[in-house]
file my_file.cif (mmCIF, C-alpha atoms and all ligand atoms)
data_structure
#
loop_
_atom_site.label_atom_id
_atom_site.label_comp_id
_atom_site.auth_asym_id
_atom_site.auth_seq_id
_atom_site.Cartn_x
_atom_site.Cartn_y
_atom_site.Cartn_z
CA MET N 96 15.40 25.83 10.62
CA ARG N 97 16.30 22.18 11.20
CA HIS N 98 14.34 18.98 10.70
CA THR N 99 14.65 15.22 11.09
CA ARG N 100 15.00 12.84 8.17
CA ILE N 101 15.40 9.06 7.97
CA ILE N 102 17.92 7.59 5.56
CA VAL N 103 18.63 4.09 4.30
CA THR N 104 22.42 3.90 4.44
CA ARG N 105 22.77 0.54 2.59
CA TYR N 106 20.42 -2.18 1.32
CA GLY N 107 19.63 -4.41 4.26
CA GLY N 108 17.70 -5.01 7.45
CA PRO N 109 16.20 -2.44 9.83
CA ASP N 110 19.68 -1.50 11.12
CA ALA N 111 20.30 0.15 7.74
CA LEU N 112 17.97 2.99 8.81
CA ARG N 113 19.53 6.10 10.36
CA VAL N 114 18.02 9.25 11.87
CA VAL N 115 19.69 12.50 10.71
CA GLU N 116 19.18 16.11 11.81
CA GLU N 117 19.83 18.77 9.16
CA GLU N 118 18.73 22.10 7.69
CA VAL N 119 15.31 21.98 6.02
CA PRO N 120 15.51 21.84 2.19
CA GLU N 121 14.72 24.94 0.10
CA PRO N 122 12.10 24.54 -2.67
CA LYS N 123 13.49 24.96 -6.22
CA GLU N 124 11.66 26.52 -9.18
CA GLY N 125 8.22 24.83 -9.53
CA GLU N 126 8.52 23.10 -6.14
CA VAL N 127 6.60 23.40 -2.89
CA ARG N 128 8.00 22.69 0.57
CA VAL N 129 5.59 20.55 2.60
CA ARG N 130 5.66 20.09 6.39
CA VAL N 131 4.87 16.38 6.77
CA LEU N 132 2.05 15.50 9.18
CA ALA N 133 1.75 11.79 8.33
CA ALA N 134 3.86 9.36 6.31
CA GLY N 135 2.70 5.81 5.57
CA VAL N 136 4.85 2.78 6.40
CA SER N 137 4.32 0.02 3.83
CA LEU N 138 5.85 -3.22 2.61
CA PRO N 139 7.16 -1.42 -0.51
CA ASP N 140 9.22 0.82 1.87
CA ILE N 141 10.73 -2.30 3.44
CA MET N 142 11.33 -3.88 0.03
CA ALA N 143 13.12 -0.69 -1.10
CA ARG N 144 15.26 -0.77 2.05
CA GLU N 145 16.13 -4.36 1.15
CA GLY N 146 16.90 -3.31 -2.42
CA ILE N 147 14.31 -5.68 -3.91
CA HIS N 148 11.52 -3.30 -5.00
CA PRO N 149 11.42 -2.21 -8.68
CA GLU N 150 11.36 1.44 -7.48
CA THR N 151 14.45 1.12 -5.25
CA PRO N 152 16.58 4.31 -5.43
CA PRO N 153 20.38 4.25 -5.07
CA VAL N 154 21.59 4.48 -1.44
CA PRO N 155 21.62 6.67 0.57
CA PHE N 156 17.94 7.60 0.23
CA THR N 157 14.98 8.59 2.36
CA PRO N 158 12.16 6.03 2.29
CA GLY N 159 8.45 6.78 2.30
CA TRP N 160 5.92 6.27 -0.50
CA ASP N 161 3.17 8.55 0.68
CA LEU N 162 2.50 11.59 2.82
CA VAL N 163 -0.05 14.15 3.96
CA GLY N 164 1.21 17.55 5.06
CA VAL N 165 0.84 21.32 5.05
CA VAL N 166 2.18 23.66 2.36
CA ASP N 167 5.01 25.51 4.09
CA ARG N 168 6.91 27.49 1.44
CA LEU N 169 6.57 28.08 -2.32
CA GLY N 170 9.41 27.94 -4.83
CA GLY N 171 9.61 30.30 -7.80
CA GLY N 172 6.86 30.10 -10.42
CA VAL N 173 4.39 28.29 -8.16
CA GLY N 174 0.78 29.50 -8.06
CA GLY N 175 -2.59 28.07 -7.10
CA VAL N 176 -1.46 26.75 -3.71
CA VAL N 177 -1.08 28.75 -0.51
CA PRO N 178 0.93 28.19 2.67
CA GLY N 179 -1.19 26.42 5.27
CA GLN N 180 -3.11 24.35 2.70
CA ARG N 181 -3.32 20.59 3.38
CA VAL N 182 -2.02 18.35 0.62
CA ALA N 183 -1.30 14.69 -0.13
CA ALA N 184 1.36 13.20 -2.42
CA MET N 185 2.94 9.91 -3.45
CA PRO N 186 6.65 10.71 -3.98
CA ILE N 187 7.54 6.92 -3.81
CA HIS N 188 10.54 7.79 -1.64
CA GLY N 189 11.33 10.75 0.61
CA ALA N 190 8.27 10.93 2.89
CA TYR N 191 10.04 9.85 6.13
CA ALA N 192 11.07 13.46 6.88
CA GLY N 193 9.93 16.54 8.75
CA PHE N 194 9.90 18.58 5.52
CA VAL N 195 10.04 17.59 1.88
CA CYS N 196 10.19 19.60 -1.37
CA LEU N 197 7.97 18.31 -4.20
CA PRO N 198 6.99 19.49 -7.67
CA GLN N 199 3.67 21.34 -7.43
CA ARG N 200 2.03 18.94 -9.95
CA GLU N 201 2.48 16.08 -7.44
CA LEU N 202 0.23 17.69 -4.82
CA VAL N 203 -3.43 16.77 -4.36
CA PRO N 204 -5.57 19.00 -2.10
CA VAL N 205 -6.88 17.40 1.11
CA PRO N 206 -10.22 18.66 2.49
CA PRO N 207 -9.93 20.36 5.88
CA GLY N 208 -10.91 18.51 9.04
CA LEU N 209 -9.57 15.06 8.08
CA ASP N 210 -7.12 13.19 10.32
CA PRO N 211 -3.80 13.28 8.39
CA ALA N 212 -3.00 9.69 9.50
CA GLU N 213 -6.31 8.43 8.10
CA ALA N 214 -5.91 10.51 4.94
CA VAL N 215 -2.41 9.15 4.24
CA CYS N 216 -3.79 5.59 4.16
CA LEU N 217 -5.70 6.56 1.02
CA VAL N 218 -2.67 7.58 -1.03
CA LEU N 219 -0.96 4.24 -1.61
CA ASN N 220 -3.28 1.58 -0.15
CA TYR N 221 -6.72 2.86 -1.11
CA VAL N 222 -5.75 4.18 -4.55
CA THR N 223 -4.19 0.75 -5.22
CA ALA N 224 -7.37 -1.00 -4.03
CA TYR N 225 -9.69 1.41 -5.88
CA GLN N 226 -7.84 1.22 -9.20
CA MET N 227 -7.52 -2.58 -9.06
CA MET N 228 -11.24 -2.84 -8.36
CA HIS N 229 -12.62 -0.23 -10.75
CA ARG N 230 -9.96 0.17 -13.46
CA SER N 231 -8.35 -3.31 -13.70
CA ALA N 232 -11.07 -5.79 -12.63
CA LYS N 233 -14.11 -3.53 -13.24
CA VAL N 234 -16.23 -5.48 -10.74
CA GLY N 235 -19.80 -4.50 -9.90
CA PRO N 236 -22.44 -5.05 -7.20
CA GLY N 237 -23.24 -8.68 -6.38
CA GLN N 238 -19.98 -10.03 -7.82
CA ARG N 239 -17.65 -12.13 -5.68
CA ALA N 240 -14.10 -11.16 -4.74
CA LEU N 241 -11.37 -13.10 -2.94
CA ILE N 242 -8.86 -10.80 -1.22
CA HIS N 243 -5.53 -12.29 -0.13
CA GLY N 244 -3.74 -10.62 2.78
CA ALA N 245 -7.15 -9.21 3.70
CA ALA N 246 -6.12 -7.95 7.16
CA GLY N 247 -3.16 -5.95 5.77
CA GLY N 248 -2.93 -2.37 4.54
CA VAL N 249 -4.18 -2.89 0.97
CA GLY N 250 -6.36 -5.84 2.04
CA THR N 251 -8.43 -3.80 4.51
CA ALA N 252 -8.80 -1.07 1.86
CA LEU N 253 -10.10 -3.67 -0.63
CA LEU N 254 -12.58 -4.96 1.96
CA GLN N 255 -13.94 -1.48 2.72
CA LEU N 256 -14.20 -0.44 -0.92
CA GLY N 257 -15.71 -3.82 -1.79
CA GLY N 258 -18.34 -3.19 0.89
CA VAL N 259 -19.11 0.27 -0.57
CA GLY N 260 -19.38 -1.31 -4.04
CA GLY N 261 -21.78 -4.09 -2.92
CA LEU N 262 -19.42 -7.04 -3.56
CA GLU N 263 -19.57 -10.45 -1.85
CA LEU N 264 -16.23 -10.66 -0.07
CA TYR N 265 -13.90 -13.48 0.98
CA GLY N 266 -10.51 -12.78 2.58
CA THR N 267 -7.48 -14.89 3.45
CA ALA N 268 -5.69 -13.97 6.68
CA SER N 269 -3.88 -15.64 9.54
CA SER N 270 -6.03 -16.49 12.59
CA ARG N 271 -4.96 -13.14 14.14
CA GLY N 272 -6.43 -11.26 11.15
CA ALA N 273 -9.74 -13.19 10.93
CA PRO N 274 -11.74 -10.83 13.22
CA VAL N 275 -10.62 -7.84 11.14
CA VAL N 276 -11.86 -9.55 7.97
CA SER N 277 -15.27 -10.38 9.45
CA ASP N 278 -15.64 -6.90 11.01
CA LEU N 279 -15.18 -5.44 7.52
CA GLY N 280 -17.84 -7.70 6.02
CA GLY N 281 -15.65 -10.48 4.57
CA ILE N 282 -15.76 -14.24 5.13
CA PRO N 283 -12.33 -15.11 6.56
CA ILE N 284 -10.27 -18.06 5.27
CA ASP N 285 -7.25 -19.04 7.38
CA TYR N 286 -4.40 -19.32 4.88
CA GLN N 287 -2.25 -21.22 7.37
CA ARG N 288 -4.78 -23.98 8.09
CA GLN N 289 -7.14 -24.11 5.09
CA ASP N 290 -6.75 -24.71 1.36
CA PHE N 291 -8.30 -21.50 0.01
CA VAL N 292 -9.15 -23.00 -3.42
CA LYS N 293 -11.16 -25.83 -1.80
CA GLU N 294 -12.77 -23.38 0.63
CA ILE N 295 -13.85 -21.00 -2.16
CA ARG N 296 -15.29 -23.91 -4.17
CA ARG N 297 -17.16 -25.14 -1.07
CA LEU N 298 -18.53 -21.68 -0.26
CA THR N 299 -19.36 -20.45 -3.77
CA GLY N 300 -19.66 -23.51 -6.02
CA GLU N 301 -18.44 -22.02 -9.33
CA GLY N 302 -15.72 -19.72 -7.90
CA VAL N 303 -15.19 -15.97 -7.62
CA ASP N 304 -15.23 -13.20 -10.24
CA VAL N 305 -11.94 -11.69 -9.12
CA VAL N 306 -8.97 -12.54 -6.89
CA PHE N 307 -6.66 -9.77 -5.63
CA ASP N 308 -3.27 -11.42 -5.11
CA PRO N 309 -0.29 -9.62 -3.47
CA LEU N 310 1.61 -12.89 -2.97
CA GLY N 311 2.86 -13.44 -6.53
CA GLY N 312 4.94 -16.38 -7.76
CA GLU N 313 3.29 -19.81 -7.86
CA HIS N 314 0.50 -18.44 -5.63
CA LEU N 315 -0.98 -16.65 -8.68
CA TRP N 316 -1.73 -20.01 -10.26
CA GLN N 317 -3.53 -21.23 -7.12
CA SER N 318 -5.55 -18.01 -7.18
CA ARG N 319 -6.54 -18.67 -10.79
CA LYS N 320 -8.02 -22.02 -9.67
CA ALA N 321 -10.45 -20.11 -7.39
CA LEU N 322 -11.95 -18.19 -10.38
CA ARG N 323 -15.18 -18.91 -12.16
CA ARG N 324 -15.10 -18.94 -15.98
CA GLY N 325 -14.32 -15.46 -17.31
CA GLY N 326 -12.89 -14.28 -13.98
CA ARG N 327 -9.55 -12.60 -13.41
CA VAL N 328 -6.68 -12.56 -10.94
CA VAL N 329 -5.19 -9.11 -10.35
CA GLY N 330 -1.59 -9.70 -9.25
CA TYR N 331 0.03 -6.76 -7.50
CA GLY N 332 2.91 -7.85 -5.28
CA LEU N 333 5.50 -10.37 -4.22
CA VAL N 334 4.81 -10.86 -0.49
CA SER N 335 5.64 -14.57 -0.87
CA SER N 336 9.16 -13.69 -1.98
CA ILE N 337 9.87 -11.71 1.19
CA ARG N 338 7.85 -13.47 3.88
CA GLY N 339 9.05 -16.80 5.22
CA GLU N 340 12.67 -16.02 4.39
CA GLY N 341 13.00 -13.24 6.93
CA LEU N 342 13.33 -9.62 5.98
CA THR N 343 17.10 -9.35 5.91
CA SER N 344 19.48 -8.60 3.12
CA SER N 345 21.44 -11.83 3.17
CA ARG N 346 19.49 -13.33 0.27
CA PRO N 347 19.78 -12.61 -3.45
CA GLY N 348 17.03 -9.98 -3.52
CA ARG N 349 17.33 -8.86 -7.13
CA ARG N 350 17.49 -12.42 -8.45
CA GLN N 351 14.37 -13.20 -6.39
CA ARG N 352 12.54 -10.19 -7.85
CA PHE N 353 13.41 -11.08 -11.47
CA ARG N 354 12.33 -14.69 -10.88
CA GLY N 355 9.01 -13.43 -9.49
CA THR N 356 8.53 -11.16 -12.52
CA ALA N 357 9.33 -14.01 -14.96
CA ILE N 358 6.76 -16.31 -13.26
CA PHE N 359 4.22 -13.46 -13.45
CA ALA N 360 4.78 -13.07 -17.22
CA ALA N 361 4.41 -16.83 -17.77
CA TYR N 362 1.08 -16.89 -15.91
CA ILE N 363 -0.27 -13.87 -17.81
CA ALA N 364 0.51 -15.66 -21.09
CA ALA N 365 -0.95 -18.98 -19.87
CA GLY N 366 -4.13 -17.20 -18.73
CA TRP N 367 -4.70 -16.09 -22.34
CA LEU N 368 -3.79 -19.41 -23.93
CA LEU N 369 -5.66 -21.87 -21.69
CA PRO N 370 -9.44 -22.44 -22.01
CA GLY N 371 -11.88 -20.94 -19.48
CA ARG N 372 -11.00 -17.26 -20.08
CA ARG N 373 -9.49 -17.06 -16.59
CA ARG N 374 -6.95 -14.23 -16.90
CA VAL N 375 -4.03 -13.09 -14.75
CA VAL N 376 -3.43 -9.33 -15.04
CA PRO N 377 -0.75 -7.22 -13.37
CA TYR N 378 -1.36 -3.95 -11.51
CA SER N 379 1.24 -1.36 -10.52
CA ILE N 380 0.21 1.98 -9.00
CA GLN N 381 3.42 3.70 -10.07
CA THR N 382 3.18 2.48 -13.67
CA LEU N 383 -0.46 3.53 -13.97
CA LYS N 384 0.31 6.91 -12.34
CA ARG N 385 3.06 7.53 -14.91
CA LEU N 386 0.79 6.49 -17.80
CA LYS N 387 -2.39 8.16 -16.49
CA PRO N 388 -1.51 10.85 -13.90
CA ALA N 389 -5.03 12.29 -14.17
CA TRP N 390 -6.53 8.95 -13.00
CA PHE N 391 -4.35 8.96 -9.87
CA ARG N 392 -5.44 12.50 -8.99
CA GLN N 393 -9.12 11.83 -9.81
CA ASP N 394 -9.20 8.55 -7.83
CA LEU N 395 -7.44 10.03 -4.78
CA ILE N 396 -9.85 13.00 -4.78
CA ALA N 397 -12.82 10.54 -4.97
CA LEU N 398 -11.40 8.58 -2.03
CA LEU N 399 -10.78 11.72 0.06
CA ASP N 400 -14.42 12.58 -0.53
CA LEU N 401 -15.51 9.10 0.62
CA LEU N 402 -13.42 9.64 3.78
CA ARG N 403 -14.98 13.09 4.31
CA GLN N 404 -18.43 11.48 4.06
CA GLN N 405 -17.25 8.74 6.49
CA LYS N 406 -18.14 6.03 3.95
CA ILE N 407 -14.66 4.55 4.49
CA ARG N 408 -12.65 4.42 7.72
CA PRO N 409 -8.99 3.44 7.27
CA LEU N 410 -7.73 1.08 9.94
CA ILE N 411 -4.63 2.46 11.66
CA ALA N 412 -2.58 -0.27 13.30
CA GLN N 413 -0.23 2.10 15.15
CA ARG N 414 1.21 5.64 15.00
CA PHE N 415 4.94 6.19 15.61
CA PRO N 416 7.04 9.36 15.91
CA LEU N 417 9.34 9.81 12.90
CA GLU N 418 12.42 8.99 15.00
CA GLU N 419 10.97 5.48 15.59
CA ALA N 420 10.80 4.60 11.87
CA ARG N 421 13.01 1.58 12.52
CA GLN N 422 10.63 0.16 15.16
CA ALA N 423 7.70 0.86 12.81
CA GLN N 424 9.33 -1.09 9.94
CA GLU N 425 10.34 -3.91 12.30
CA LEU N 426 6.73 -4.23 13.44
CA LEU N 427 5.40 -4.34 9.85
CA GLY N 428 8.15 -6.79 8.78
CA SER N 429 7.30 -9.19 11.60
CA GLY N 430 3.75 -9.69 10.23
CA GLY N 431 0.38 -9.94 11.96
CA VAL N 432 -0.30 -6.19 11.67
CA ALA N 433 -3.96 -5.24 11.09
CA GLY N 434 -4.26 -2.10 8.95
CA LYS N 435 -1.66 0.61 8.29
CA ILE N 436 1.30 1.82 10.35
CA VAL N 437 1.76 5.61 10.16
CA LEU N 438 4.68 7.87 11.09
CA VAL N 439 3.65 11.24 12.54
CA PRO N 440 6.46 13.80 12.16
CA ASN N 441 5.85 17.29 13.57
CA ALA N 442 3.20 15.98 15.99
CA PRO N 443 2.14 18.74 18.39
CA PRO N 444 3.55 18.28 21.92
CA PRO N 445 1.08 16.66 24.34
CA GLU N 446 -1.24 19.07 26.21
CA PRO N 447 0.15 20.05 29.63
CA GLY N 448 -1.28 17.68 32.23
CA ALA N 449 -2.32 15.10 29.60
CA ALA N 450 -1.68 11.49 30.64
N1 LIG U 501 1.36 -3.13 -7.29
C1 LIG U 501 1.10 -2.06 -6.57
O1 LIG U 501 0.83 -1.01 -7.11
C2 LIG U 501 1.14 -2.14 -5.08
C3 LIG U 501 0.71 -1.07 -4.31
C4 LIG U 501 0.73 -1.21 -2.92
C5 LIG U 501 1.19 -2.39 -2.34
N2 LIG U 501 1.64 -3.39 -3.16
C6 LIG U 501 2.10 -4.67 -2.61
O2 LIG U 501 1.05 -5.21 -1.86
C7 LIG U 501 1.60 -6.08 -0.91
C8 LIG U 501 0.88 -5.85 0.41
O3 LIG U 501 1.26 -4.57 0.93
P1 LIG U 501 0.66 -4.07 2.31
O4 LIG U 501 1.31 -2.76 2.60
O5 LIG U 501 -0.82 -4.20 2.30
O6 LIG U 501 1.29 -5.17 3.30
P2 LIG U 501 0.78 -5.67 4.72
O7 LIG U 501 0.00 -4.61 5.41
O8 LIG U 501 1.96 -6.28 5.43
O9 LIG U 501 -0.23 -6.86 4.34
C9 LIG U 501 0.21 -8.09 3.84
C10 LIG U 501 -0.73 -9.15 4.39
O10 LIG U 501 -0.49 -10.39 3.74
C11 LIG U 501 -0.76 -11.41 4.67
N3 LIG U 501 -0.15 -12.64 4.21
C12 LIG U 501 1.15 -13.05 4.29
N4 LIG U 501 1.28 -14.26 3.71
C13 LIG U 501 0.03 -14.62 3.25
C14 LIG U 501 -0.48 -15.75 2.57
N5 LIG U 501 0.29 -16.79 2.22
N6 LIG U 501 -1.80 -15.77 2.25
C15 LIG U 501 -2.61 -14.74 2.56
N7 LIG U 501 -2.17 -13.64 3.23
C16 LIG U 501 -0.87 -13.58 3.56
C17 LIG U 501 -0.23 -10.87 5.97
O11 LIG U 501 -0.87 -11.49 7.05
P3 LIG U 501 -0.02 -11.94 8.36
O12 LIG U 501 0.86 -10.76 8.69
O13 LIG U 501 -1.05 -12.23 9.38
O14 LIG U 501 0.77 -13.13 7.91
C18 LIG U 501 -0.58 -9.39 5.88
O15 LIG U 501 -1.84 -9.12 6.52
C19 LIG U 501 3.11 -5.85 -0.94
O16 LIG U 501 3.72 -6.88 -1.70
C20 LIG U 501 3.26 -4.57 -1.67
O17 LIG U 501 4.49 -4.46 -2.33
C21 LIG U 501 1.62 -3.29 -4.50
#
call {"tool": "encode", "arguments": {"input": "my_file.cif", "output": "structure tokens", "more": "lines below"}}
Ligand SMILES: NC(=O)c1ccc[n+]([C@@H]2O[C@H](COP(=O)([O-])OP(=O)(O)OC[C@H]3O[C@@H](n4cnc5c(N)ncnc54)[C@H](OP(=O)(O)O)[C@@H]3O)[C@@H](O)[C@H]2O)c1
result
Amino acid sequence: MRHTRIIVTRYGGPDALRVVEEEVPEPKEGEVRVRVLAAGVSLPDIMAREGIHPETPPVPFTPGWDLVGVVDRLGGGVGGVVPGQRVAAMPIHGAYAGFVCLPQRELVPVPPGLDPAEAVCLVLNYVTAYQMMHRSAKVGPGQRALIHGAAGGVGTALLQLGGVGGLELYGTASSRGAPVVSDLGGIPIDYQRQDFVKEIRRLTGEGVDVVFDPLGGEHLWQSRKALRRGGRVVGYGLVSSIRGEGLTSSRPGRRQRFRGTAIFAAYIAAGWLLPGRRRVVPYSIQTLKRLKPAWFRQDLIALLDLLRQQKIRPLIAQRFPLEEARQAQELLGSGGVAGKIVLVPNAPPPEPGAA
């Protein structure tokens, strides 16, 4: 049996992606072969293609942080899962494929009846949002949160989970993203036209309890200025190091990443040393998953249950066939996308007579 897989042939722009057709992989001892129904497209995928993400594998590699699929074949020594069962996983790379083999311990059961494209949004974006909110910041009802990049994949997840948790929400977005922020219960702040620190002071007086900052670099320090005493900035990305310079490989990606990490470390230290108890703390889903794999599993199961109860509704920006992974990444890289882009390999053919 053959399948389609996407590979990154070299670190670089979207033209580094190639579609290959090959025999499906065979599961080894302890592995399960999964037929992929949905694979998320995220900025970390693009950063890995560019060679600037900390989790970048050596080329050639198949991108794709997260997937939802169906158990297709069991390797030796595997028990407790059956072919046909729906599962989710976060392999970090490899999900842009028709079939993928994964260690059984990586699989989390997905309740029947959920849309695989909606369910896949939970794996990277919602677990990130949930853990930052409940494990890093530990915010509670009535507290105020400022969410940067609020119309994006993780941003919309933070808005929805903040709504479920009873938080007062503020979100920075471009003017295109403002309606998404208000629809999800946040007060939008236009990051291109307004000074968000001044705006937060005007709207709240003393500042917010937590800022979720995916921009990194000097932006973390601005975010700290929006905090009330005792508040914290959770820093979780480096969007500012990739946006504005164009997503191409002609710039010194690794140097950029190390500079961003050094600035991060300086701000964490300064947050502890300066008065006001306004802290800057880092969050990394992959680091926490390695340290506390049970938390990842437990939090994803809790989120799948919230989806089953329709308490959260992931926003899907667009669905693409696997073969159009390049167009999907180009769209995400160009900005202005509201919600998550999802690849749908193995989609059933359209019904005869369907438009
Ligand atoms: N640490 C972790 O564990 C972890 C996990 C998941 C993701 N991440 C990181 O989180 C970041 C976001 O990922 P994503 O998939 O959610 O990306 P995304 O969907 O592209 O969202 C990013 C958002 O940021 C907005 N934005 C750009 N510049 C901004 C600025 N100066 N101020 C406020 N908003 C701005 C964009 O709006 P416009 O397009 O309208 O400009 C976009 O809506 C990435 O850096 C990713 O690596 C980290």
call {"tool": "residues_near_ligand", "arguments": {"input": "my_file.cif", "ligand": "ligand LIG 501 (chain U)", "cutoff": "7 Å", "atoms": "all atoms listed in the file", "output": "JSON, numbers by chain"}}
result
{"N": [137, 138, 139, 219, 220, 223, 243, 244, 245, 246, 247, 248, 249, 250, 267, 268, 269, 271, 272, 286, 309, 310, 331, 332, 333, 334, 335, 338, 378, 379, 380, 381, 427, 430, 431, 432, 433, 434, 435]}
call {"tool": "atom_distance", "arguments": {"input": "my_file.cif", "atom1": "CA of Pro155 in chain N", "atom2": "CA of Cys196 in chain N"}}
result
17.4 Å
call {"tool": "residues_around", "arguments": {"input": "my_file.cif", "residues": "Thr382 in chain N", "least_positions_apart": "4", "cutoff": "12 Å", "atoms": "only C-alpha atoms", "output": "ChimeraX atom specification"}}
result
/N:149-150,187,223,226,331,377-378,386-388,390-391
call {"tool": "write_last_selection", "arguments": {"input": "my_file.cif", "atoms": "C-alpha atoms", "output": "short mmCIF file (atom, residue, chain, number, x, y, z; two decimals), in the frame of the given file"}}
result
data_model
loop_
_atom_site.label_atom_id
_atom_site.label_comp_id
_atom_site.auth_asym_id
_atom_site.auth_seq_id
_atom_site.Cartn_x
_atom_site.Cartn_y
_atom_site.Cartn_z
CA PRO N 149 11.42 -2.21 -8.68
CA GLU N 150 11.36 1.44 -7.48
CA ILE N 187 7.54 6.92 -3.81
CA THR N 223 -4.19 0.75 -5.22
CA GLN N 226 -7.84 1.22 -9.20
CA TYR N 331 0.03 -6.76 -7.50
CA PRO N 377 -0.75 -7.22 -13.37
CA TYR N 378 -1.36 -3.95 -11.51
CA LEU N 386 0.79 6.49 -17.80
CA LYS N 387 -2.39 8.16 -16.49
CA PRO N 388 -1.51 10.85 -13.90
CA TRP N 390 -6.53 8.95 -13.00
CA PHE N 391 -4.35 8.96 -9.87
#
call {"tool": "closest_atom_pairs", "arguments": {"input": "my_file.cif", "of": "range 171-255 of chain N", "to": "range 397-416 of chain N", "cutoff": "10 Å", "atoms": "all atoms listed in the file", "output": "JSON lines"}}
result
{"residue": "N:Ala183", "atom": "CA", "partner": "N:Leu399", "partner_atom": "CA", "distance": 9.9}
{"residue": "N:Val203", "atom": "CA", "partner": "N:Leu399", "partner_atom": "CA", "distance": 10.0}
{"residue": "N:Pro204", "atom": "CA", "partner": "N:Leu399", "partner_atom": "CA", "distance": 9.2}
{"residue": "N:Val205", "atom": "CA", "partner": "N:Leu399", "partner_atom": "CA", "distance": 7.0}
{"residue": "N:Pro206", "atom": "CA", "partner": "N:Leu399", "partner_atom": "CA", "distance": 7.4}
{"residue": "N:Pro207", "atom": "CA", "partner": "N:Arg403", "partner_atom": "CA", "distance": 9.0}
{"residue": "N:Gly208", "atom": "CA", "partner": "N:Arg403", "partner_atom": "CA", "distance": 8.3}
{"residue": "N:Leu209", "atom": "CA", "partner": "N:Arg403", "partner_atom": "CA", "distance": 6.9}
{"residue": "N:Asp210", "atom": "CA", "partner": "N:Leu402", "partner_atom": "CA", "distance": 9.8}
{"residue": "N:Ala212", "atom": "CA", "partner": "N:Ile411", "partner_atom": "CA", "distance": 7.7}
{"residue": "N:Glu213", "atom": "CA", "partner": "N:Pro409", "partner_atom": "CA", "distance": 5.7}
{"residue": "N:Ala214", "atom": "CA", "partner": "N:Leu399", "partner_atom": "CA", "distance": 7.0}
{"residue": "N:Val215", "atom": "CA", "partner": "N:Pro409", "partner_atom": "CA", "distance": 9.2}
{"residue": "N:Cys216", "atom": "CA", "partner": "N:Pro409", "partner_atom": "CA", "distance": 6.4}
{"residue": "N:Leu217", "atom": "CA", "partner": "N:Leu398", "partner_atom": "CA", "distance": 6.8}
{"residue": "N:Val218", "atom": "CA", "partner": "N:Leu398", "partner_atom": "CA", "distance": 8.8}
{"residue": "N:Asn220", "atom": "CA", "partner": "N:Pro409", "partner_atom": "CA", "distance": 9.5}
{"residue": "N:Tyr221", "atom": "CA", "partner": "N:Leu398", "partner_atom": "CA", "distance": 7.4}
{"residue": "N:Val222", "atom": "CA", "partner": "N:Leu398", "partner_atom": "CA", "distance": 7.6}
{"residue": "N:Tyr225", "atom": "CA", "partner": "N:Leu398", "partner_atom": "CA", "distance": 8.3}
{"residue": "N:Ala246", "atom": "CA", "partner": "N:Leu410", "partner_atom": "CA", "distance": 9.6}
{"residue": "N:Gly247", "atom": "CA", "partner": "N:Leu410", "partner_atom": "CA", "distance": 9.4}
{"residue": "N:Gly248", "atom": "CA", "partner": "N:Leu410", "partner_atom": "CA", "distance": 8.0}
{"residue": "N:Thr251", "atom": "CA", "partner": "N:Leu410", "partner_atom": "CA", "distance": 7.3}
{"residue": "N:Ala252", "atom": "CA", "partner": "N:Pro409", "partner_atom": "CA", "distance": 7.0}
{"residue": "N:Gln255", "atom": "CA", "partner": "N:Ile407", "partner_atom": "CA", "distance": 6.3}
call {"tool": "closest_residue", "arguments": {"input": "my_file.cif", "among": "N:Val173, N:Ile282, N:Ala240, N:Ile396", "to": "Arg323 in chain N", "atoms": "only C-alpha atoms"}}
result
N:Ala240
call {"tool": "closest_atom_pairs", "arguments": {"input": "my_file.cif", "of": "range 96-152 of chain N", "to": "range 162-168 of chain N", "cutoff": "6 Å", "atoms": "all atoms listed in the file", "output": "Markdown table"}}
result
| residue | atom | partner | partner_atom | distance |
| --- | --- | --- | --- | --- |
| N:Val127 | CA | N:Arg168 | CA | 6.0 |
| N:Arg128 | CA | N:Arg168 | CA | 5.0 |
| N:Val129 | CA | N:Val166 | CA | 4.6 |
| N:Arg130 | CA | N:Val165 | CA | 5.2 |
| N:Val131 | CA | N:Gly164 | CA | 4.2 |
| N:Leu132 | CA | N:Gly164 | CA | 4.7 |
| N:Ala133 | CA | N:Val163 | CA | 5.3 |
| N:Ala134 | CA | N:Leu162 | CA | 4.4 |
call {"tool": "atom_distance", "arguments": {"input": "my_file.cif", "atom1": "CA of Val195 in chain N", "atom2": "CA of Ala224 in chain N"}}
result
26.1 Å
call {"tool": "residues_around", "arguments": {"input": "my_file.cif", "residues": "Ala232 in chain N", "least_positions_apart": "3", "cutoff": "8 Å", "atoms": "only C-alpha atoms", "output": "PDB file with C-alpha atoms, in the coordinates of the input"}}
result
ATOM      1  CA  MET N 227      -7.520  -2.580  -9.060  1.00  0.00           C
ATOM      2  CA  MET N 228     -11.240  -2.840  -8.360  1.00  0.00           C
ATOM      3  CA  HIS N 229     -12.620  -0.230 -10.750  1.00  0.00           C
ATOM      4  CA  VAL N 305     -11.940 -11.690  -9.120  1.00  0.00           C
ATOM      5  CA  ARG N 327      -9.550 -12.600 -13.410  1.00  0.00           C
ATOM      6  CA  VAL N 329      -5.190  -9.110 -10.350  1.00  0.00           C
TER       7      VAL N 329
END
call {"tool": "atom_distance", "arguments": {"input": "my_file.cif", "atom1": "CA of Gly326 in chain N", "atom2": "CA of Ile284 in chain N"}}
result
19.8 Å
call {"tool": "closest_residue", "arguments": {"input": "my_file.cif", "among": "N:Val275, N:Leu417, N:Ala423, N:Leu298", "to": "His98 in chain N", "atoms": "only C-alpha atoms"}}
result
N:Leu417
call {"tool": "residues_around", "arguments": {"input": "my_file.cif", "residues": "Asp110 in chain N", "least_positions_apart": "3", "cutoff": "12 Å", "atoms": "only C-alpha atoms", "output": "list in words"}}
result
Ile101, Ile102, Val103, Thr104, Arg105, Tyr106, Gly107, Arg113, Val114, Ile141, Arg144, Glu145, Leu342, Thr343, Ser344, Ala420, Arg421, Gln422, Gln424 and Glu425 of chain N
